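Next comes data-v3.pdb, with PDB, C-alpha atoms.
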MODEL        1
ATOM      1  CA  MET A  18      75.323  29.771  -1.088
ATOM      2  CA  LYS A  19      71.855  28.611  -1.927
ATOM      3  CA  ASP A  20      70.170  25.828  -0.015
ATOM      4  CA  LYS A  21      69.967  23.868  -3.233
ATOM      5  CA  ASP A  22      73.717  23.819  -3.646
ATOM      6  CA  LYS A  23      74.593  22.573  -0.187
ATOM      7  CA  LYS A  24      76.932  19.660  -0.031
ATOM      8  CA  ILE A  25      77.921  17.674   2.971
ATOM      9  CA  LYS A  26      81.187  15.946   3.530
ATOM     10  CA  ILE A  27      81.171  12.506   5.078
ATOM     11  CA  ASP A  28      84.315  10.740   6.195
ATOM     12  CA  VAL A  29      84.033   7.028   5.889
ATOM     13  CA  LYS A  30      86.860   5.123   7.526
ATOM     14  CA  THR A  31      87.524   1.555   6.894
ATOM     15  CA  PRO A  32      90.434  -0.302   8.442
ATOM     16  CA  GLY A  33      93.591   0.801   6.716
ATOM     17  CA  GLU A  34      92.301   3.584   4.569
ATOM     18  CA  LYS A  35      90.531   6.851   4.783
ATOM     19  CA  LYS A  36      87.878   7.677   2.248
ATOM     20  CA  GLU A  37      86.141  10.944   1.804
ATOM     21  CA  THR A  38      82.688  11.065   0.235
ATOM     22  CA  VAL A  39      80.766  14.099  -0.703
ATOM     23  CA  ALA A  40      76.974  13.785  -0.631
ATOM     24  CA  ASP A  41      74.816  16.198  -2.509
ATOM     25  CA  ILE A  42      71.857  17.253  -0.376
ATOM     26  CA  SER A  43      70.695  19.811  -2.842
ATOM     27  CA  ALA A  44      68.429  17.337  -4.583
ATOM     28  CA  GLU A  45      64.752  17.713  -3.928
ATOM     29  CA  PRO A  46      63.522  15.274  -1.329
ATOM     30  CA  GLU A  47      61.659  12.383  -2.924
ATOM     31  CA  GLU A  48      57.941  12.707  -2.625
ATOM     32  CA  SER A  49      56.967  10.400   0.097
ATOM     33  CA  VAL A  50      54.707   7.554  -0.925
ATOM     34  CA  PRO A  51      51.381   7.879   0.859
ATOM     35  CA  SER A  52      51.347   5.609   3.805
ATOM     36  CA  GLU A  53      48.740   2.910   4.284
ATOM     37  CA  ALA A  54      47.117   4.966   7.043
ATOM     38  CA  GLU A  55      46.705   7.948   4.714
ATOM     39  CA  ASN A  56      45.200   5.690   2.051
ATOM     40  CA  LEU A  57      42.752   4.262   4.580
ATOM     41  CA  LYS A  58      41.792   7.750   5.800
ATOM     42  CA  LYS A  59      41.117   8.801   2.229
ATOM     43  CA  GLN A  60      39.042   5.662   1.599
ATOM     44  CA  VAL A  61      37.050   6.192   4.816
ATOM     45  CA  GLU A  62      36.313   9.765   3.764
ATOM     46  CA  GLU A  63      35.120   8.567   0.340
ATOM     47  CA  TYR A  64      32.855   5.942   1.941
ATOM     48  CA  ARG A  65      31.504   8.498   4.405
ATOM     49  CA  ASP A  66      30.691  10.901   1.584
ATOM     50  CA  SER A  67      29.023   8.102  -0.404
ATOM     51  CA  MET A  68      27.002   6.995   2.632
ATOM     52  CA  LEU A  69      25.802  10.555   3.305
ATOM     53  CA  ARG A  70      24.722  10.930  -0.330
ATOM     54  CA  LYS A  71      22.852   7.596  -0.235
ATOM     55  CA  ALA A  72      21.151   8.563   3.035
ATOM     56  CA  ALA A  73      20.040  11.871   1.493
ATOM     57  CA  GLU A  74      18.780  10.079  -1.634
ATOM     58  CA  PHE A  75      16.833   7.625   0.550
ATOM     59  CA  GLU A  76      15.248  10.432   2.582
ATOM     60  CA  ASN A  77      14.183  12.152  -0.647
ATOM     61  CA  TYR A  78      12.751   8.862  -1.971
ATOM     62  CA  LYS A  79      10.890   8.283   1.298
ATOM     63  CA  ARG A  80       9.415  11.774   1.232
ATOM     64  CA  ARG A  81       8.319  11.419  -2.425
ATOM     65  CA  THR A  82       6.745   8.020  -1.700
ATOM     66  CA  GLU A  83       4.830   9.371   1.309
ATOM     67  CA  ILE A  84       3.457  12.222  -0.808
ATOM     68  CA  GLU A  85       2.436   9.806  -3.577
ATOM     69  CA  PHE A  86       0.681   7.483  -1.102
ATOM     70  CA  ALA A  87      -1.119  10.396   0.527
ATOM     71  CA  LYS A  88      -2.380  11.551  -2.878
ATOM     72  CA  TYR A  89      -3.391   8.001  -3.784
ATOM     73  CA  PHE A  90      -5.421   7.517  -0.608
ATOM     74  CA  LYS A  91      -6.917  10.987  -0.820
ATOM     75  CA  TYR A  92      -8.263  10.351  -4.328
ATOM     76  CA  ALA A  93      -8.734   6.557  -4.167
ATOM     77  CA  SER A  94     -12.526   6.775  -4.386
ATOM     78  CA  GLU A  95     -12.510   9.202  -7.318
ATOM     79  CA  LYS A  96     -13.230   6.488  -9.903
ATOM     80  CA  ILE A  97     -16.263   5.054  -8.101
ATOM     81  CA  ILE A  98     -17.612   8.525  -7.288
ATOM     82  CA  ARG A  99     -17.345   9.456 -10.969
ATOM     83  CA  GLU A 100     -19.309   6.311 -11.900
ATOM     84  CA  LEU A 101     -21.982   6.964  -9.257
ATOM     85  CA  LEU A 102     -22.652  10.552 -10.293
ATOM     86  CA  PRO A 103     -25.139   9.580 -13.056
ATOM     87  CA  VAL A 104     -27.104   7.486 -10.533
ATOM     88  CA  PHE A 105     -27.103  10.403  -8.116
ATOM     89  CA  ASP A 106     -28.307  12.723 -10.890
ATOM     90  CA  ASP A 107     -31.114  10.300 -11.823
ATOM     91  CA  MET A 108     -32.273  10.099  -8.196
ATOM     92  CA  ARG A 109     -32.250  13.892  -7.898
ATOM     93  CA  ARG A 110     -34.254  14.266 -11.130
ATOM     94  CA  ALA A 111     -36.805  11.716  -9.870
ATOM     95  CA  ILE A 112     -37.233  13.591  -6.567
ATOM     96  CA  GLU A 113     -37.550  16.942  -8.381
ATOM     97  CA  SER A 114     -40.158  15.430 -10.700
ATOM     98  CA  ILE A 115     -42.202  14.202  -7.723
ATOM     99  CA  GLU A 116     -41.897  17.534  -5.894
ATOM    100  CA  LYS A 117     -43.025  19.488  -8.972
ATOM    101  CA  GLY A 118     -45.994  17.203  -9.393
ATOM    102  CA  GLU A 119     -44.832  16.051 -12.813
ATOM    103  CA  THR A 120     -44.976  12.387 -11.791
ATOM    104  CA  ASN A 121     -48.458  11.472 -10.696
ATOM    105  CA  ASP A 122     -48.483   7.963 -12.054
ATOM    106  CA  PHE A 123     -47.202   5.330  -9.629
ATOM    107  CA  GLU A 124     -46.102   2.969 -12.435
ATOM    108  CA  THR A 125     -43.931   5.651 -14.053
ATOM    109  CA  LEU A 126     -42.321   6.411 -10.704
ATOM    110  CA  LYS A 127     -41.747   2.719 -10.076
ATOM    111  CA  LYS A 128     -40.098   2.266 -13.498
ATOM    112  CA  GLY A 129     -37.824   5.230 -12.832
ATOM    113  CA  ILE A 130     -36.749   3.912  -9.433
ATOM    114  CA  VAL A 131     -36.176   0.401 -10.823
ATOM    115  CA  SER A 132     -34.076   1.905 -13.623
ATOM    116  CA  VAL A 133     -31.937   3.863 -11.145
ATOM    117  CA  ASN A 134     -31.556   0.764  -8.940
ATOM    118  CA  ASP A 135     -30.447  -1.335 -11.936
ATOM    119  CA  LYS A 136     -27.881   1.286 -12.944
ATOM    120  CA  PHE A 137     -26.586   1.442  -9.359
ATOM    121  CA  SER A 138     -26.400  -2.374  -9.060
ATOM    122  CA  LYS A 139     -24.535  -2.628 -12.357
ATOM    123  CA  ILE A 140     -21.853  -0.176 -11.159
ATOM    124  CA  LEU A 141     -21.428  -1.996  -7.842
ATOM    125  CA  LYS A 142     -21.116  -5.387  -9.568
ATOM    126  CA  LYS A 143     -18.567  -3.962 -11.980
ATOM    127  CA  GLU A 144     -16.502  -2.797  -9.003
ATOM    128  CA  GLY A 145     -16.541  -6.300  -7.468
ATOM    129  CA  LEU A 146     -19.589  -6.334  -5.202
ATOM    130  CA  LYS A 147     -21.419  -9.653  -5.149
ATOM    131  CA  GLU A 148     -24.432 -10.731  -3.102
ATOM    132  CA  ILE A 149     -23.943 -13.624  -0.674
ATOM    133  CA  GLU A 150     -26.299 -16.377  -1.772
ATOM    134  CA  CYS A 151     -27.425 -18.142   1.402
ATOM    135  CA  LEU A 152     -31.194 -18.682   1.260
ATOM    136  CA  ASN A 153     -32.149 -22.391   1.645
ATOM    137  CA  LYS A 154     -28.498 -23.285   2.211
ATOM    138  CA  GLU A 155     -26.746 -24.508   5.322
ATOM    139  CA  PHE A 156     -25.898 -21.704   7.748
ATOM    140  CA  ASN A 157     -22.268 -20.560   7.356
ATOM    141  CA  VAL A 158     -20.825 -18.546  10.224
ATOM    142  CA  ASP A 159     -18.188 -17.022   7.886
ATOM    143  CA  THR A 160     -20.810 -15.284   5.718
ATOM    144  CA  CYS A 161     -23.953 -15.011   7.877
ATOM    145  CA  ASP A 162     -25.101 -13.695  11.243
ATOM    146  CA  ALA A 163     -28.041 -15.623  12.735
ATOM    147  CA  LEU A 164     -30.673 -13.381  14.272
ATOM    148  CA  LEU A 165     -33.129 -16.134  15.233
ATOM    149  CA  GLN A 166     -33.361 -19.867  15.199
ATOM    150  CA  VAL A 167     -36.886 -21.208  14.697
ATOM    151  CA  PRO A 168     -38.192 -24.708  14.076
ATOM    152  CA  LYS A 169     -39.715 -25.267  10.638
ATOM    153  CA  ASP A 170     -41.363 -28.425   9.398
ATOM    154  CA  GLY A 171     -39.882 -30.034   6.342
ATOM    155  CA  VAL A 172     -36.606 -28.131   6.613
ATOM    156  CA  LYS A 173     -33.363 -29.647   7.818
ATOM    157  CA  GLY A 174     -31.931 -27.988  10.925
ATOM    158  CA  ASN A 175     -29.318 -25.251  10.589
ATOM    159  CA  THR A 176     -30.694 -24.107   7.202
ATOM    160  CA  VAL A 177     -31.180 -20.428   6.302
ATOM    161  CA  ILE A 178     -34.927 -19.964   5.905
ATOM    162  CA  GLU A 179     -35.090 -16.166   5.600
ATOM    163  CA  VAL A 180     -32.656 -13.363   4.752
ATOM    164  CA  VAL A 181     -33.472 -10.263   6.798
ATOM    165  CA  GLU A 182     -30.596  -8.182   5.400
ATOM    166  CA  LYS A 183     -28.486  -9.204   2.412
ATOM    167  CA  GLY A 184     -24.783  -9.738   2.811
ATOM    168  CA  TYR A 185     -22.110  -8.911   0.258
ATOM    169  CA  PHE A 186     -18.668  -9.953  -0.897
ATOM    170  CA  PHE A 187     -16.287  -7.294  -2.130
ATOM    171  CA  LYS A 188     -14.099  -9.236  -4.538
ATOM    172  CA  ASP A 189     -12.949 -12.142  -2.306
ATOM    173  CA  LYS A 190     -13.646 -10.545   1.081
ATOM    174  CA  VAL A 191     -16.891 -10.526   3.076
ATOM    175  CA  LEU A 192     -17.900  -6.875   3.139
ATOM    176  CA  ARG A 193     -21.053  -7.400   5.190
ATOM    177  CA  HIS A 194     -22.449 -10.584   6.708
ATOM    178  CA  ALA A 195     -26.004 -11.525   5.776
ATOM    179  CA  LYS A 196     -28.472 -11.278   8.663
ATOM    180  CA  VAL A 197     -30.569 -14.416   8.554
ATOM    181  CA  ILE A 198     -33.126 -16.566  10.334
ATOM    182  CA  VAL A 199     -32.056 -20.188  10.654
ATOM    183  CA  SER A 200     -34.149 -23.334  11.138
ATOM    184  CA  SER A 201     -33.652 -25.458  14.204
ATOM    185  CA  GLU A 202     -34.212 -29.157  14.704
ATOM    186  CA  PRO A 203     -37.838 -29.921  15.651
ATOM    187  CA  GLU A 204     -38.118 -30.242  19.447
ATOM    188  CA  ASN A 205     -40.594 -33.123  19.548
ATOM    189  CA  LYS A 206     -38.573 -35.648  17.599
ATOM    190  CA  GLN A 207     -39.900 -39.176  18.279
ATOM    191  CA  GLU A 208     -37.554 -42.128  18.098
TER     192      GLU A 208
ENDMDL
END
Any chance you could give the structure as structure tokens?
Amino acid sequence: MKDKDKKIKIDVKTPGEKKETVADISAEPEESVPSEAENLKKQVEEYRDSMLRKAAEFENYKRRTEIEFAKYFKYASEKIIRELLPVFDDMRRAIESIEKGETNDFETLKKGIVSVNDKFSKILKKEGLKEIECLNKEFNVDTCDALLQVPKDGVKGNTVIEVVEKGYFFKDKVLRHAKVIVSSEPENKQE
């Protein structure tokens, strides 16, 4: 007899009568419905897999971003260098001209140097460099460094009377403070 065809006999007795029932156990067992625990395990595994994929994606993104930033910083000055090359070439040509004895006239040399300086200044201004205007103005500690303080007749105290070294803004930031000489109050003030 095959396992599929097995039948089991069950005697069910109730008061006063005897009943015989035959149960067929040959039927395939019903597929068990996945339990809640199995569903949760499956869900946890899906979340774990998703989390690992996201972590890997983030690591790849981080690595790509670091490479991009490194390239950006490595070549950040490329634009300004490219713009300064003509000025550099002009300076080199002027020096070669002097060394070869081609430029004997001081005025010609002066014009050449002024031309190179103007070209250089134009590039720096275009990039955001601006001179700090402080001469004959009240001393400002945020933009100037005082080298000396000297009394000067006819000038209000704490006024910039001479700029020893120019200062510059780069866009909205002080790139270099101006080095200045500042007037002081006259010492022999009579009341």
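Using only C-alpha atoms, the protein and nucleic acid residues lying no more than 8 Å from Ile178 of chain A, apart from those fewer than 3 places from it along its own chain, are Leu152, Asn153, Val197, Ile198, Val199 and Ser200 of chain A.
The environment of Lys173 of chain A within 9 Å, counting all atoms listed in the file and disregarding residues fewer than 4 places along the same chain, consists of Glu155, Lys169, Ser200, Ser201 and Glu202 of chain A.
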Can you list, as a PDB file with C-alpha atoms, in the frame of the given file, the residues that the PyMOL selection byres ((chain A and resi 149) around 9) selects here?
ATOM      1  CA  LYS A 147     -21.419  -9.653  -5.149  1.00  0.00           C
ATOM      2  CA  GLU A 148     -24.432 -10.731  -3.102  1.00  0.00           C
ATOM      3  CA  GLU A 150     -26.299 -16.377  -1.772  1.00  0.00           C
ATOM      4  CA  CYS A 151     -27.425 -18.142   1.402  1.00  0.00           C
ATOM      5  CA  THR A 160     -20.810 -15.284   5.718  1.00  0.00           C
ATOM      6  CA  CYS A 161     -23.953 -15.011   7.877  1.00  0.00           C
ATOM      7  CA  LYS A 183     -28.486  -9.204   2.412  1.00  0.00           C
ATOM      8  CA  GLY A 184     -24.783  -9.738   2.811  1.00  0.00           C
ATOM      9  CA  TYR A 185     -22.110  -8.911   0.258  1.00  0.00           C
ATOM     10  CA  PHE A 186     -18.668  -9.953  -0.897  1.00  0.00           C
ATOM     11  CA  VAL A 191     -16.891 -10.526   3.076  1.00  0.00           C
ATOM     12  CA  HIS A 194     -22.449 -10.584   6.708  1.00  0.00           C
ATOM     13  CA  ALA A 195     -26.004 -11.525   5.776  1.00  0.00           C
TER      14      ALA A 195
END
Once the PyMOL selection byres ((chain A and resi 119-136) around 9) has been evaluated on this model, what residues remain selected, and can you format them as a PyMOL selection string? chain A and resi 101+103-105+107-108+111+113-118+137-141
Residues as selected, C-alpha atoms, written as a JSON list (two decimals), in the frame of the given file, can you do that?
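Written file, again_25.json:
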[["chain", "number", "residue", "atom", "x", "y", "z"],
["A", 101, "LEU", "CA", -21.98, 6.96, -9.26],
["A", 103, "PRO", "CA", -25.14, 9.58, -13.06],
["A", 104, "VAL", "CA", -27.10, 7.49, -10.53],
["A", 105, "PHE", "CA", -27.10, 10.40, -8.12],
["A", 107, "ASP", "CA", -31.11, 10.30, -11.82],
["A", 108, "MET", "CA", -32.27, 10.10, -8.20],
["A", 111, "ALA", "CA", -36.80, 11.72, -9.87],
["A", 113, "GLU", "CA", -37.55, 16.94, -8.38],
["A", 114, "SER", "CA", -40.16, 15.43, -10.70],
["A", 115, "ILE", "CA", -42.20, 14.20, -7.72],
["A", 116, "GLU", "CA", -41.90, 17.53, -5.89],
["A", 117, "LYS", "CA", -43.02, 19.49, -8.97],
["A", 118, "GLY", "CA", -45.99, 17.20, -9.39],
["A", 137, "PHE", "CA", -26.59, 1.44, -9.36],
["A", 138, "SER", "CA", -26.40, -2.37, -9.06],
["A", 139, "LYS", "CA", -24.54, -2.63, -12.36],
["A", 140, "ILE", "CA", -21.85, -0.18, -11.16],
["A", 141, "LEU", "CA", -21.43, -2.00, -7.84]]
Grab the atom CA of Glu179 of chain A to atom CA of Phe156 of chain A distance for me, in Å with one decimal place.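 Computing it gives 10.9 Å between the two atoms.
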Work out how far apart atom CA of Lys142 of chain A and atom CA of Glu100 of chain A are and give it in Å to one decimal.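 Spanning atom CA of Lys142 of chain A to atom CA of Glu100 of chain A is a straight-line distance of 12.1 Å.
A straight line drawn from atom CA of Asn175 of chain A to atom CA of Leu146 of chain A is 26.5 Å long.
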Give the answer as one residue: which of A:Lys143, A:Lys188, A:Lys196, A:Arg70 has the shortest atom-to-atom distance to Asp159 of chain A, using all atoms listed in the file?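 Of the candidates, the smallest distance to Asp159 of chain A is held by A:Lys196.
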With N, CA and C atoms as the goal, would you fill in the gaps in segment 119-145 of chain A and present it as an mmCIF file, in the frame of the given file?
data_model
loop_
_atom_site.group_PDB
_atom_site.id
_atom_site.type_symbol
_atom_site.label_atom_id
_atom_site.label_comp_id
_atom_site.auth_asym_id
_atom_site.auth_seq_id
_atom_site.Cartn_x
_atom_site.Cartn_y
_atom_site.Cartn_z
ATOM 1 N N GLU A 119 -44.889 16.545 -11.435
ATOM 2 C CA GLU A 119 -44.832 16.051 -12.813
ATOM 3 C C GLU A 119 -45.095 14.553 -12.887
ATOM 4 N N THR A 120 -44.794 13.837 -11.814
ATOM 5 C CA THR A 120 -44.976 12.387 -11.791
ATOM 6 C C THR A 120 -46.141 12.068 -10.873
ATOM 7 N N ASN A 121 -47.271 11.822 -11.469
ATOM 8 C CA ASN A 121 -48.458 11.472 -10.696
ATOM 9 C C ASN A 121 -48.761 9.990 -10.794
ATOM 10 N N ASP A 122 -48.212 9.367 -11.792
ATOM 11 C CA ASP A 122 -48.483 7.963 -12.054
ATOM 12 C C ASP A 122 -47.496 7.093 -11.264
ATOM 13 N N PHE A 123 -48.042 6.208 -10.447
ATOM 14 C CA PHE A 123 -47.202 5.330 -9.629
ATOM 15 C C PHE A 123 -46.327 4.416 -10.478
ATOM 16 N N GLU A 124 -46.859 3.893 -11.573
ATOM 17 C CA GLU A 124 -46.102 2.969 -12.435
ATOM 18 C C GLU A 124 -44.891 3.657 -13.062
ATOM 19 N N THR A 125 -45.047 4.891 -13.474
ATOM 20 C CA THR A 125 -43.931 5.651 -14.053
ATOM 21 C C THR A 125 -42.853 5.866 -13.007
ATOM 22 N N LEU A 126 -43.268 6.213 -11.801
ATOM 23 C CA LEU A 126 -42.321 6.411 -10.704
ATOM 24 C C LEU A 126 -41.587 5.114 -10.392
ATOM 25 N N LYS A 127 -42.337 4.028 -10.353
ATOM 26 C CA LYS A 127 -41.747 2.719 -10.076
ATOM 27 C C LYS A 127 -40.706 2.355 -11.143
ATOM 28 N N LYS A 128 -41.041 2.564 -12.409
ATOM 29 C CA LYS A 128 -40.098 2.266 -13.498
ATOM 30 C C LYS A 128 -38.820 3.098 -13.363
ATOM 31 N N GLY A 129 -38.987 4.354 -13.013
ATOM 32 C CA GLY A 129 -37.824 5.230 -12.832
ATOM 33 C C GLY A 129 -36.925 4.752 -11.706
ATOM 34 N N ILE A 130 -37.531 4.384 -10.583
ATOM 35 C CA ILE A 130 -36.749 3.912 -9.433
ATOM 36 C C ILE A 130 -36.064 2.584 -9.748
ATOM 37 N N VAL A 131 -36.768 1.686 -10.425
ATOM 38 C CA VAL A 131 -36.176 0.401 -10.823
ATOM 39 C C VAL A 131 -34.999 0.638 -11.771
ATOM 40 N N SER A 132 -35.155 1.579 -12.679
ATOM 41 C CA SER A 132 -34.076 1.905 -13.623
ATOM 42 C C SER A 132 -32.841 2.425 -12.888
ATOM 43 N N VAL A 133 -33.048 3.321 -11.935
ATOM 44 C CA VAL A 133 -31.937 3.863 -11.145
ATOM 45 C C VAL A 133 -31.274 2.743 -10.337
ATOM 46 N N ASN A 134 -32.087 1.879 -9.730
ATOM 47 C CA ASN A 134 -31.556 0.764 -8.940
ATOM 48 C C ASN A 134 -30.717 -0.177 -9.815
ATOM 49 N N ASP A 135 -31.200 -0.457 -11.027
ATOM 50 C CA ASP A 135 -30.447 -1.335 -11.936
ATOM 51 C C ASP A 135 -29.105 -0.717 -12.321
ATOM 52 N N LYS A 136 -29.121 0.581 -12.588
ATOM 53 C CA LYS A 136 -27.881 1.286 -12.944
ATOM 54 C C LYS A 136 -26.890 1.233 -11.776
ATOM 55 N N PHE A 137 -27.410 1.465 -10.579
ATOM 56 C CA PHE A 137 -26.586 1.442 -9.359
ATOM 57 C C PHE A 137 -25.999 0.041 -9.125
ATOM 58 N N SER A 138 -26.849 -0.985 -9.256
ATOM 59 C CA SER A 138 -26.400 -2.374 -9.060
ATOM 60 C C SER A 138 -25.321 -2.757 -10.069
ATOM 61 N N LYS A 139 -25.497 -2.326 -11.293
ATOM 62 C CA LYS A 139 -24.535 -2.628 -12.357
ATOM 63 C C LYS A 139 -23.150 -2.046 -12.025
ATOM 64 N N ILE A 140 -23.122 -0.822 -11.536
ATOM 65 C CA ILE A 140 -21.853 -0.176 -11.159
ATOM 66 C C ILE A 140 -21.194 -0.936 -10.009
ATOM 67 N N LEU A 141 -21.988 -1.285 -8.993
ATOM 68 C CA LEU A 141 -21.428 -1.996 -7.842
ATOM 69 C C LEU A 141 -20.884 -3.370 -8.239
ATOM 70 N N LYS A 142 -21.595 -4.079 -9.101
ATOM 71 C CA LYS A 142 -21.116 -5.387 -9.568
ATOM 72 C C LYS A 142 -19.819 -5.239 -10.359
ATOM 73 N N LYS A 143 -19.776 -4.214 -11.182
ATOM 74 C CA LYS A 143 -18.567 -3.962 -11.980
ATOM 75 C C LYS A 143 -17.347 -3.712 -11.080
ATOM 76 N N GLU A 144 -17.587 -3.089 -9.942
ATOM 77 C CA GLU A 144 -16.502 -2.797 -9.003
ATOM 78 C C GLU A 144 -16.125 -4.003 -8.135
ATOM 79 N N GLY A 145 -16.894 -5.091 -8.203
ATOM 80 C CA GLY A 145 -16.541 -6.300 -7.468
ATOM 81 C C GLY A 145 -17.476 -6.668 -6.338
#
